[in-house]
file data25.cif (mmCIF, C-alpha atoms)
data_input
#
loop_
_atom_site.group_PDB
_atom_site.id
_atom_site.type_symbol
_atom_site.label_atom_id
_atom_site.label_comp_id
_atom_site.auth_asym_id
_atom_site.auth_seq_id
_atom_site.Cartn_x
_atom_site.Cartn_y
_atom_site.Cartn_z
ATOM 1 C CA MET G 1 131.318 -89.435 28.840
ATOM 2 C CA LEU G 2 133.333 -86.792 30.671
ATOM 3 C CA LEU G 3 133.295 -84.649 27.571
ATOM 4 C CA HIS G 4 129.556 -85.030 27.369
ATOM 5 C CA ARG G 5 129.138 -83.957 30.987
ATOM 6 C CA LEU G 6 131.335 -80.966 30.454
ATOM 7 C CA THR G 7 129.659 -79.747 27.315
ATOM 8 C CA HIS G 8 126.089 -80.214 28.461
ATOM 9 C CA MET G 9 124.836 -76.637 28.212
ATOM 10 C CA LEU G 10 123.438 -75.123 31.362
ATOM 11 C CA SER G 11 120.129 -73.266 31.227
ATOM 12 C CA CYS G 12 120.050 -69.583 32.203
ATOM 13 C CA LYS G 13 118.261 -70.576 35.394
ATOM 14 C CA GLU G 14 121.042 -72.990 36.347
ATOM 15 C CA VAL G 15 123.634 -70.392 35.423
ATOM 16 C CA SER G 16 122.007 -67.755 37.631
ATOM 17 C CA ARG G 17 122.030 -70.179 40.581
ATOM 18 C CA LEU G 18 125.661 -71.096 40.060
ATOM 19 C CA LEU G 19 126.683 -67.451 39.735
ATOM 20 C CA SER G 20 124.972 -66.706 43.020
ATOM 21 C CA GLN G 21 126.589 -69.724 44.708
ATOM 22 C CA GLY G 22 129.915 -68.581 43.329
ATOM 23 C CA GLU G 23 129.646 -65.688 45.809
ATOM 24 C CA ASP G 24 129.295 -68.148 48.671
ATOM 25 C CA ARG G 25 131.428 -71.195 47.847
ATOM 26 C CA ARG G 26 134.212 -72.199 45.498
ATOM 27 C CA LEU G 27 132.641 -73.666 42.374
ATOM 28 C CA THR G 28 133.988 -76.974 41.066
ATOM 29 C CA LEU G 29 136.121 -77.066 37.946
ATOM 30 C CA PRO G 30 133.360 -78.602 35.757
ATOM 31 C CA GLU G 31 130.948 -75.947 37.039
ATOM 32 C CA ARG G 32 133.356 -73.187 36.151
ATOM 33 C CA LEU G 33 133.981 -74.605 32.694
ATOM 34 C CA LYS G 34 130.288 -74.951 31.963
ATOM 35 C CA LEU G 35 129.663 -71.443 33.221
ATOM 36 C CA ARG G 36 132.371 -70.055 30.990
ATOM 37 C CA LEU G 37 130.935 -71.859 27.967
ATOM 38 C CA HIS G 38 127.462 -70.522 28.637
ATOM 39 C CA LEU G 39 128.594 -66.971 29.322
ATOM 40 C CA ARG G 40 130.512 -66.883 26.073
ATOM 41 C CA VAL G 41 127.285 -67.142 24.110
ATOM 42 C CA CYS G 42 124.694 -65.579 26.432
ATOM 43 C CA THR G 43 124.420 -61.779 26.746
ATOM 44 C CA ALA G 44 121.655 -61.916 29.359
ATOM 45 C CA CYS G 45 123.665 -64.079 31.764
ATOM 46 C CA THR G 46 126.819 -62.060 31.146
ATOM 47 C CA ARG G 47 124.903 -58.984 32.284
ATOM 48 C CA PHE G 48 123.564 -60.909 35.236
ATOM 49 C CA ALA G 49 127.073 -61.989 36.264
ATOM 50 C CA ARG G 50 128.251 -58.389 36.278
ATOM 51 C CA GLN G 51 125.173 -57.295 38.235
ATOM 52 C CA ILE G 52 125.686 -59.940 40.918
ATOM 53 C CA ALA G 53 129.246 -58.727 41.400
ATOM 54 C CA PHE G 54 127.936 -55.166 41.595
ATOM 55 C CA LEU G 55 125.440 -56.119 44.321
ATOM 56 C CA ARG G 56 128.254 -57.321 46.548
ATOM 57 C CA ALA G 57 130.204 -54.103 46.063
ATOM 58 C CA ALA G 58 127.088 -52.015 46.697
ATOM 59 C CA LEU G 59 126.266 -53.852 49.929
ATOM 60 C CA GLN G 60 129.803 -53.523 51.203
ATOM 61 C CA ARG G 61 129.501 -49.771 50.777
ATOM 62 C CA TYR G 62 126.164 -49.864 52.471
ATOM 63 C CA GLY G 63 127.816 -51.354 55.546
ATOM 64 C CA THR G 64 130.591 -48.806 55.988
ATOM 65 C CA MET Z 1 134.724 -29.943 80.852
ATOM 66 C CA PRO Z 2 132.079 -32.319 82.225
ATOM 67 C CA CYS Z 3 133.676 -35.645 82.970
ATOM 68 C CA GLY Z 4 131.325 -38.585 83.136
ATOM 69 C CA LEU Z 5 131.301 -42.015 81.703
ATOM 70 C CA ILE Z 6 133.422 -41.074 78.729
ATOM 71 C CA CYS Z 7 136.272 -39.381 80.505
ATOM 72 C CA ALA Z 8 139.385 -41.341 81.379
ATOM 73 C CA PRO Z 9 143.040 -40.378 81.734
ATOM 74 C CA ASP Z 10 144.236 -43.066 79.348
ATOM 75 C CA ALA Z 11 142.248 -41.792 76.349
ATOM 76 C CA ARG Z 12 144.989 -41.798 73.749
ATOM 77 C CA SER Z 13 142.949 -42.115 70.589
ATOM 78 C CA PHE Z 14 143.179 -39.297 68.092
ATOM 79 C CA ILE Z 15 139.847 -38.027 69.328
ATOM 80 C CA VAL Z 16 141.166 -36.463 72.512
ATOM 81 C CA ASP Z 17 138.007 -34.676 73.501
ATOM 82 C CA ALA Z 18 135.476 -37.062 75.025
ATOM 83 C CA ASP Z 19 132.589 -34.694 74.322
ATOM 84 C CA LEU Z 20 133.606 -34.604 70.729
ATOM 85 C CA LEU Z 21 133.621 -38.391 70.594
ATOM 86 C CA ALA Z 22 130.184 -38.584 72.196
ATOM 87 C CA SER Z 23 128.706 -36.211 69.637
ATOM 88 C CA GLU Z 24 130.567 -38.019 66.855
ATOM 89 C CA LEU Z 25 129.004 -41.294 67.998
ATOM 90 C CA ASP Z 26 125.618 -39.661 68.068
ATOM 91 C CA THR Z 27 125.867 -38.684 64.401
ATOM 92 C CA HIS Z 28 126.147 -42.374 63.518
ATOM 93 C CA ARG Z 29 123.239 -43.397 65.681
ATOM 94 C CA ARG Z 30 120.641 -43.154 62.932
ATOM 95 C CA TYR Z 31 122.742 -45.191 60.551
ATOM 96 C CA LEU Z 32 123.386 -47.874 63.179
ATOM 97 C CA LEU Z 33 119.685 -48.038 63.995
ATOM 98 C CA ARG Z 34 118.911 -48.441 60.333
ATOM 99 C CA VAL Z 35 121.317 -51.362 59.952
ATOM 100 C CA ALA Z 36 120.094 -52.977 63.178
ATOM 101 C CA GLN Z 37 116.469 -52.519 62.194
ATOM 102 C CA LEU Z 38 117.072 -54.117 58.791
ATOM 103 C CA GLN Z 39 118.819 -57.019 60.461
ATOM 104 C CA LEU Z 40 116.456 -57.667 63.294
ATOM 105 C CA HIS Z 41 113.080 -56.384 62.114
ATOM 106 C CA ASP Z 42 112.327 -55.449 65.675
ATOM 107 C CA ALA Z 43 112.423 -51.763 66.615
ATOM 108 C CA ASP Z 44 112.888 -52.295 70.365
ATOM 109 C CA LEU Z 45 115.589 -54.875 69.954
ATOM 110 C CA ALA Z 46 117.366 -52.679 67.384
ATOM 111 C CA GLU Z 47 117.265 -49.785 69.842
ATOM 112 C CA ASP Z 48 118.798 -51.981 72.564
ATOM 113 C CA VAL Z 49 121.507 -53.306 70.303
ATOM 114 C CA VAL Z 50 122.528 -49.812 69.168
ATOM 115 C CA GLN Z 51 122.562 -48.580 72.748
ATOM 116 C CA GLU Z 52 124.854 -51.444 73.731
ATOM 117 C CA THR Z 53 127.061 -50.707 70.745
ATOM 118 C CA LEU Z 54 127.478 -47.050 71.684
ATOM 119 C CA PHE Z 55 128.257 -47.924 75.296
ATOM 120 C CA ALA Z 56 130.761 -50.519 74.190
ATOM 121 C CA ALA Z 57 132.314 -47.974 71.835
ATOM 122 C CA LEU Z 58 132.720 -45.426 74.620
ATOM 123 C CA ALA Z 59 134.198 -48.026 76.922
ATOM 124 C CA ALA Z 60 136.633 -49.219 74.270
ATOM 125 C CA ARG Z 61 137.507 -45.879 72.689
ATOM 126 C CA ALA Z 62 141.173 -46.160 73.660
ATOM 127 C CA GLY Z 63 141.378 -49.218 71.433
ATOM 128 C CA PHE Z 64 140.202 -47.252 68.434
ATOM 129 C CA SER Z 65 143.265 -46.823 66.286
ATOM 130 C CA GLY Z 66 141.993 -44.130 63.961
ATOM 131 C CA ARG Z 67 143.111 -46.216 61.004
ATOM 132 C CA SER Z 68 139.522 -47.043 60.113
ATOM 133 C CA SER Z 69 136.696 -44.535 60.105
ATOM 134 C CA VAL Z 70 134.573 -44.211 63.231
ATOM 135 C CA LYS Z 71 131.628 -45.530 61.231
ATOM 136 C CA THR Z 72 133.492 -48.687 60.221
ATOM 137 C CA TRP Z 73 134.652 -49.191 63.787
ATOM 138 C CA LEU Z 74 131.093 -48.828 65.113
ATOM 139 C CA THR Z 75 129.735 -51.155 62.431
ATOM 140 C CA GLY Z 76 132.246 -53.760 63.562
ATOM 141 C CA ILE Z 77 130.980 -53.556 67.140
ATOM 142 C CA LEU Z 78 127.344 -53.525 66.024
ATOM 143 C CA LYS Z 79 127.973 -56.671 64.005
ATOM 144 C CA HIS Z 80 128.821 -58.674 67.108
ATOM 145 C CA LYS Z 81 125.892 -57.277 69.067
ATOM 146 C CA ILE Z 82 123.514 -58.192 66.239
ATOM 147 C CA VAL Z 83 124.865 -61.721 65.927
ATOM 148 C CA ASP Z 84 124.324 -62.171 69.685
ATOM 149 C CA ALA Z 85 120.774 -60.868 69.376
ATOM 150 C CA ILE Z 86 119.990 -63.111 66.391
ATOM 151 C CA ARG Z 87 121.465 -66.103 68.158
ATOM 152 C CA GLN Z 88 119.114 -65.537 71.091
ATOM 153 C CA LYS Z 89 116.088 -64.697 68.981
ATOM 154 C CA GLN Z 90 116.547 -67.649 66.680
ATOM 155 C CA ARG Z 91 115.897 -70.084 69.538
ATOM 156 C CA GLN Z 92 112.250 -69.071 69.433
ATOM 157 C CA PRO Z 93 110.204 -71.712 67.558
ATOM 158 C CA VAL Z 94 108.081 -69.150 65.642
ATOM 159 C CA ILE Z 95 111.151 -67.726 63.968
ATOM 160 C CA LEU Z 96 112.319 -71.190 62.937
ATOM 161 C CA ALA Z 97 108.953 -71.958 61.309
ATOM 162 C CA THR Z 98 108.892 -68.855 59.092
ATOM 163 C CA PHE Z 99 112.520 -69.461 58.429
ATOM 164 C CA ASN Z 100 111.899 -72.861 56.893
ATOM 165 C CA GLU Z 101 109.116 -71.366 54.815
ATOM 166 C CA GLU Z 102 111.456 -68.825 53.291
ATOM 167 C CA ALA Z 103 114.068 -71.497 52.647
ATOM 168 C CA ASP Z 104 111.549 -73.702 50.866
ATOM 169 C CA LEU Z 105 113.289 -75.375 47.957
ATOM 170 C CA ASP Z 106 110.303 -75.132 45.629
ATOM 171 C CA ASP Z 107 111.622 -75.298 42.103
ATOM 172 C CA PHE Z 108 109.007 -73.013 40.592
ATOM 173 C CA ASP Z 109 110.565 -69.677 39.739
ATOM 174 C CA PRO Z 110 108.511 -66.993 37.969
ATOM 175 C CA LEU Z 111 111.691 -65.349 36.687
ATOM 176 C CA PHE Z 112 112.320 -68.243 34.296
ATOM 177 C CA LYS Z 113 110.396 -70.082 31.606
ATOM 178 C CA ASP Z 114 109.845 -73.837 31.841
ATOM 179 C CA ASN Z 115 112.928 -74.502 29.735
ATOM 180 C CA GLY Z 116 115.087 -72.434 32.085
ATOM 181 C CA ALA Z 117 115.407 -69.366 29.839
ATOM 182 C CA TRP Z 118 114.948 -65.864 31.312
ATOM 183 C CA GLU Z 119 111.343 -64.745 31.387
ATOM 184 C CA ALA Z 120 112.641 -61.165 31.215
ATOM 185 C CA PRO Z 121 116.394 -61.035 30.491
ATOM 186 C CA PRO Z 122 118.403 -58.649 32.705
ATOM 187 C CA ALA Z 123 118.642 -55.137 31.276
ATOM 188 C CA ASP Z 124 121.866 -53.365 30.419
ATOM 189 C CA TRP Z 125 122.944 -51.409 33.527
ATOM 190 C CA GLY Z 126 125.792 -49.610 31.782
ATOM 191 C CA ASP Z 127 128.453 -48.780 34.397
ATOM 192 C CA PRO Z 128 126.475 -49.507 37.545
ATOM 193 C CA GLU Z 129 129.280 -48.157 39.772
ATOM 194 C CA ASN Z 130 128.260 -44.651 38.680
ATOM 195 C CA ALA Z 131 125.294 -45.075 41.019
ATOM 196 C CA PHE Z 132 127.657 -44.847 44.001
ATOM 197 C CA ALA Z 133 128.081 -41.149 43.337
ATOM 198 C CA ARG Z 134 124.352 -40.630 43.816
ATOM 199 C CA GLN Z 135 122.880 -40.349 47.289
ATOM 200 C CA GLU Z 136 119.427 -41.348 46.088
ATOM 201 C CA PHE Z 137 120.809 -44.719 45.089
ATOM 202 C CA MET Z 138 121.341 -45.806 48.687
ATOM 203 C CA ARG Z 139 117.758 -44.777 49.465
ATOM 204 C CA VAL Z 140 116.480 -46.951 46.627
ATOM 205 C CA MET Z 141 118.595 -49.781 47.959
ATOM 206 C CA ASP Z 142 117.148 -49.266 51.448
ATOM 207 C CA ALA Z 143 113.649 -49.524 50.046
ATOM 208 C CA CYS Z 144 114.533 -52.654 48.065
ATOM 209 C CA LEU Z 145 116.112 -54.353 51.087
ATOM 210 C CA ASP Z 146 113.020 -53.489 53.103
ATOM 211 C CA LYS Z 147 110.885 -55.470 50.668
ATOM 212 C CA LEU Z 148 112.754 -58.731 51.306
ATOM 213 C CA PRO Z 149 111.053 -61.262 53.613
ATOM 214 C CA PRO Z 150 112.355 -60.602 57.157
ATOM 215 C CA ASN Z 151 114.464 -63.727 57.649
ATOM 216 C CA THR Z 152 115.818 -63.536 54.122
ATOM 217 C CA ALA Z 153 116.873 -59.943 54.793
ATOM 218 C CA ARG Z 154 118.557 -60.956 58.047
ATOM 219 C CA VAL Z 155 120.568 -63.745 56.443
ATOM 220 C CA PHE Z 156 121.472 -61.640 53.424
ATOM 221 C CA MET Z 157 122.764 -58.805 55.621
ATOM 222 C CA MET Z 158 124.779 -61.251 57.721
ATOM 223 C CA ARG Z 159 126.458 -62.442 54.564
ATOM 224 C CA GLU Z 160 126.869 -59.260 52.535
ATOM 225 C CA VAL Z 161 127.001 -56.370 54.980
ATOM 226 C CA MET Z 162 128.533 -58.024 57.993
ATOM 227 C CA GLY Z 163 130.644 -60.319 55.814
ATOM 228 C CA LEU Z 164 130.135 -63.540 57.768
ATOM 229 C CA GLU Z 165 131.329 -66.739 56.104
ATOM 230 C CA THR Z 166 128.612 -69.161 54.998
ATOM 231 C CA ASP Z 167 129.628 -71.861 57.481
ATOM 232 C CA GLU Z 168 129.418 -69.336 60.324
ATOM 233 C CA ILE Z 169 125.883 -68.412 59.278
ATOM 234 C CA CYS Z 170 124.845 -72.063 58.944
ATOM 235 C CA LYS Z 171 126.174 -72.751 62.406
ATOM 236 C CA GLU Z 172 124.517 -69.699 63.951
ATOM 237 C CA LEU Z 173 121.134 -70.447 62.429
ATOM 238 C CA THR Z 174 121.404 -74.252 62.282
ATOM 239 C CA ILE Z 175 120.465 -74.456 58.615
ATOM 240 C CA THR Z 176 122.080 -76.492 55.838
ATOM 241 C CA ALA Z 177 124.423 -74.964 53.282
ATOM 242 C CA ASN Z 178 121.867 -75.762 50.587
ATOM 243 C CA ASN Z 179 119.131 -73.844 52.375
ATOM 244 C CA LEU Z 180 121.484 -70.943 52.860
ATOM 245 C CA TRP Z 181 122.371 -70.832 49.152
ATOM 246 C CA VAL Z 182 118.687 -70.833 48.249
ATOM 247 C CA ILE Z 183 117.948 -67.968 50.638
ATOM 248 C CA LEU Z 184 120.901 -65.913 49.393
ATOM 249 C CA TYR Z 185 119.949 -66.635 45.780
ATOM 250 C CA ARG Z 186 116.388 -65.449 46.344
ATOM 251 C CA ALA Z 187 117.640 -62.330 48.082
ATOM 252 C CA ARG Z 188 120.003 -61.469 45.216
ATOM 253 C CA MET Z 189 117.362 -62.121 42.571
ATOM 254 C CA ALA Z 190 114.836 -59.953 44.378
ATOM 255 C CA LEU Z 191 117.303 -57.147 45.051
ATOM 256 C CA ARG Z 192 118.615 -57.237 41.485
ATOM 257 C CA HIS Z 193 115.092 -57.056 40.095
ATOM 258 C CA CYS Z 194 114.079 -54.243 42.434
ATOM 259 C CA LEU Z 195 117.166 -52.137 41.616
ATOM 260 C CA GLU Z 196 116.629 -52.679 37.912
ATOM 261 C CA GLN Z 197 113.005 -51.556 38.148
ATOM 262 C CA ASN Z 198 113.553 -48.641 40.475
ATOM 263 C CA TRP Z 199 116.937 -47.355 39.467
ATOM 264 C CA PHE Z 200 118.660 -48.699 36.389
ATOM 265 C CA THR Z 201 115.694 -48.601 34.039
ATOM 266 C CA ALA Z 202 113.579 -46.142 36.006
ATOM 267 C CA GLN Z 203 114.834 -43.040 34.222
ATOM 268 C CA PRO Z 204 116.704 -42.529 31.011
ATOM 269 C CA ARG Z 205 120.405 -41.753 31.672
ATOM 270 C CA ARG Z 206 120.600 -41.894 35.414
#

call {"tool": "encode", "arguments": {"input": "data25.cif", "output": "structure tokens"}}
result
Amino acid sequence: MLLHRLTHMLSCKEVSRLLSQGEDRRLTLPERLKLRLHLRVCTACTRFARQIAFLRAALQRYGT
Amino acid sequence: MPCGLICAPDARSFIVDADLLASELDTHRRYLLRVAQLQLHDADLAEDVVQETLFAALAARAGFSGRSSVKTWLTGILKHKIVDAIRQKQRQPVILATFNEEADLDDFDPLFKDNGAWEAPPADWGDPENAFARQEFMRVMDACLDKLPPNTARVFMMREVMGLETDEICKELTITANNLWVILYRARMALRHCLEQNWFTAQPRR
């Protein structure tokens, strides 16, 4: 049961939401595991993850 | 040397000359106005907030250590003034109404197909940090931030530019954490899309 919950693949939409929330709260362990699994096989979301991190850096520069 | 508001015997900051400080502050005025305007979407209020910031800066100049840049120091003061202004403004019922609209948890999202796959997968941005070396990039970012819905822009700037924690923002604006995450998500998606369109894929080899 636990294994099933952990290996349920997230959709790209869910992944994008979690990646965004990851900037605002600490994700749970299952969330992080599922994210990692998805990112391992998904180029689009891997790009997205990098871009979200870039946005934060860009906005911090914007403010100083 | 004329000695008005900004002249005091205890000025021990590394900017000794008060006139110099005043003109230094003035060079940041446009930038501060820009940030305030983006935050508040109200030209008059932005003007007031910047004015207060500059006065506060002059009054507190002895406390300026010189360890941070003047711009960073001013931004820090502006931050508090803006939060005060938002706190007051947010008590108006009209603002709250549009606010709830923007935080609407509607599940429909044109960026994704029904099965949750990307409608248009994110493009390859290469090394996006290279954009920092280009002045035009910040202008594109300005334009993209301007396109966000007003309350979304306000919340997003509180989080990303002013660096407030999410629970602080929720408390200030009396919204739930879930609503906040939705607003921030929308803002990031919109900004990401806009930068991709107008910068990262706009010209070959930026």

call {"tool": "residues_around", "arguments": {"input": "data25.cif", "residues": "Thr46 (chain G)", "least_positions_apart": "5", "cutoff": "10 Å", "atoms": "only C-alpha atoms", "output": "PyMOL selection string"}}
result
(chain G and resi 15-16+36+38-41+51) or (chain Z and resi 122)

call {"tool": "closest_residue", "arguments": {"input": "data25.cif", "among": "Z:Thr166, Z:Thr201, Z:Thr152, Z:Thr53", "to": "chain G", "atoms": "all atoms listed in the file"}}
result
Z:Thr166

call {"tool": "interface_residues", "arguments": {"input": "data25.cif", "of": "chain G", "to": "chain Z", "cutoff": "10 Å", "atoms": "only C-alpha atoms", "output": "NGL selection string"}}
result
:G and (10-25 or 43-52 or 54-64)

call {"tool": "atom_distance", "arguments": {"input": "data25.cif", "atom1": "CA of Lys81 (chain Z)", "atom2": "CA of Val49 (chain Z)"}}
result
6.0 Å

call {"tool": "atom_distance", "arguments": {"input": "data25.cif", "atom1": "CA of Phe64 (chain Z)", "atom2": "CA of Ile82 (chain Z)"}}
result
20.1 Å

call {"tool": "atom_distance", "arguments": {"input": "data25.cif", "atom1": "CA of Gln39 (chain Z)", "atom2": "CA of Met158 (chain Z)"}}
result
7.8 Å

call {"tool": "closest_residue", "arguments": {"input": "data25.cif", "among": "Z:Asn151, Z:Gln37, Z:Ser23, Z:Gln51", "to": "Leu173 (chain Z)", "atoms": "all atoms listed in the file"}}
result
Z:Asn151

call {"tool": "closest_residue", "arguments": {"input": "data25.cif", "among": "Z:Ala85, Z:Cys144, Z:Ala60, Z:Leu20", "to": "Glu47 (chain Z)", "atoms": "all atoms listed in the file"}}
result
Z:Ala85
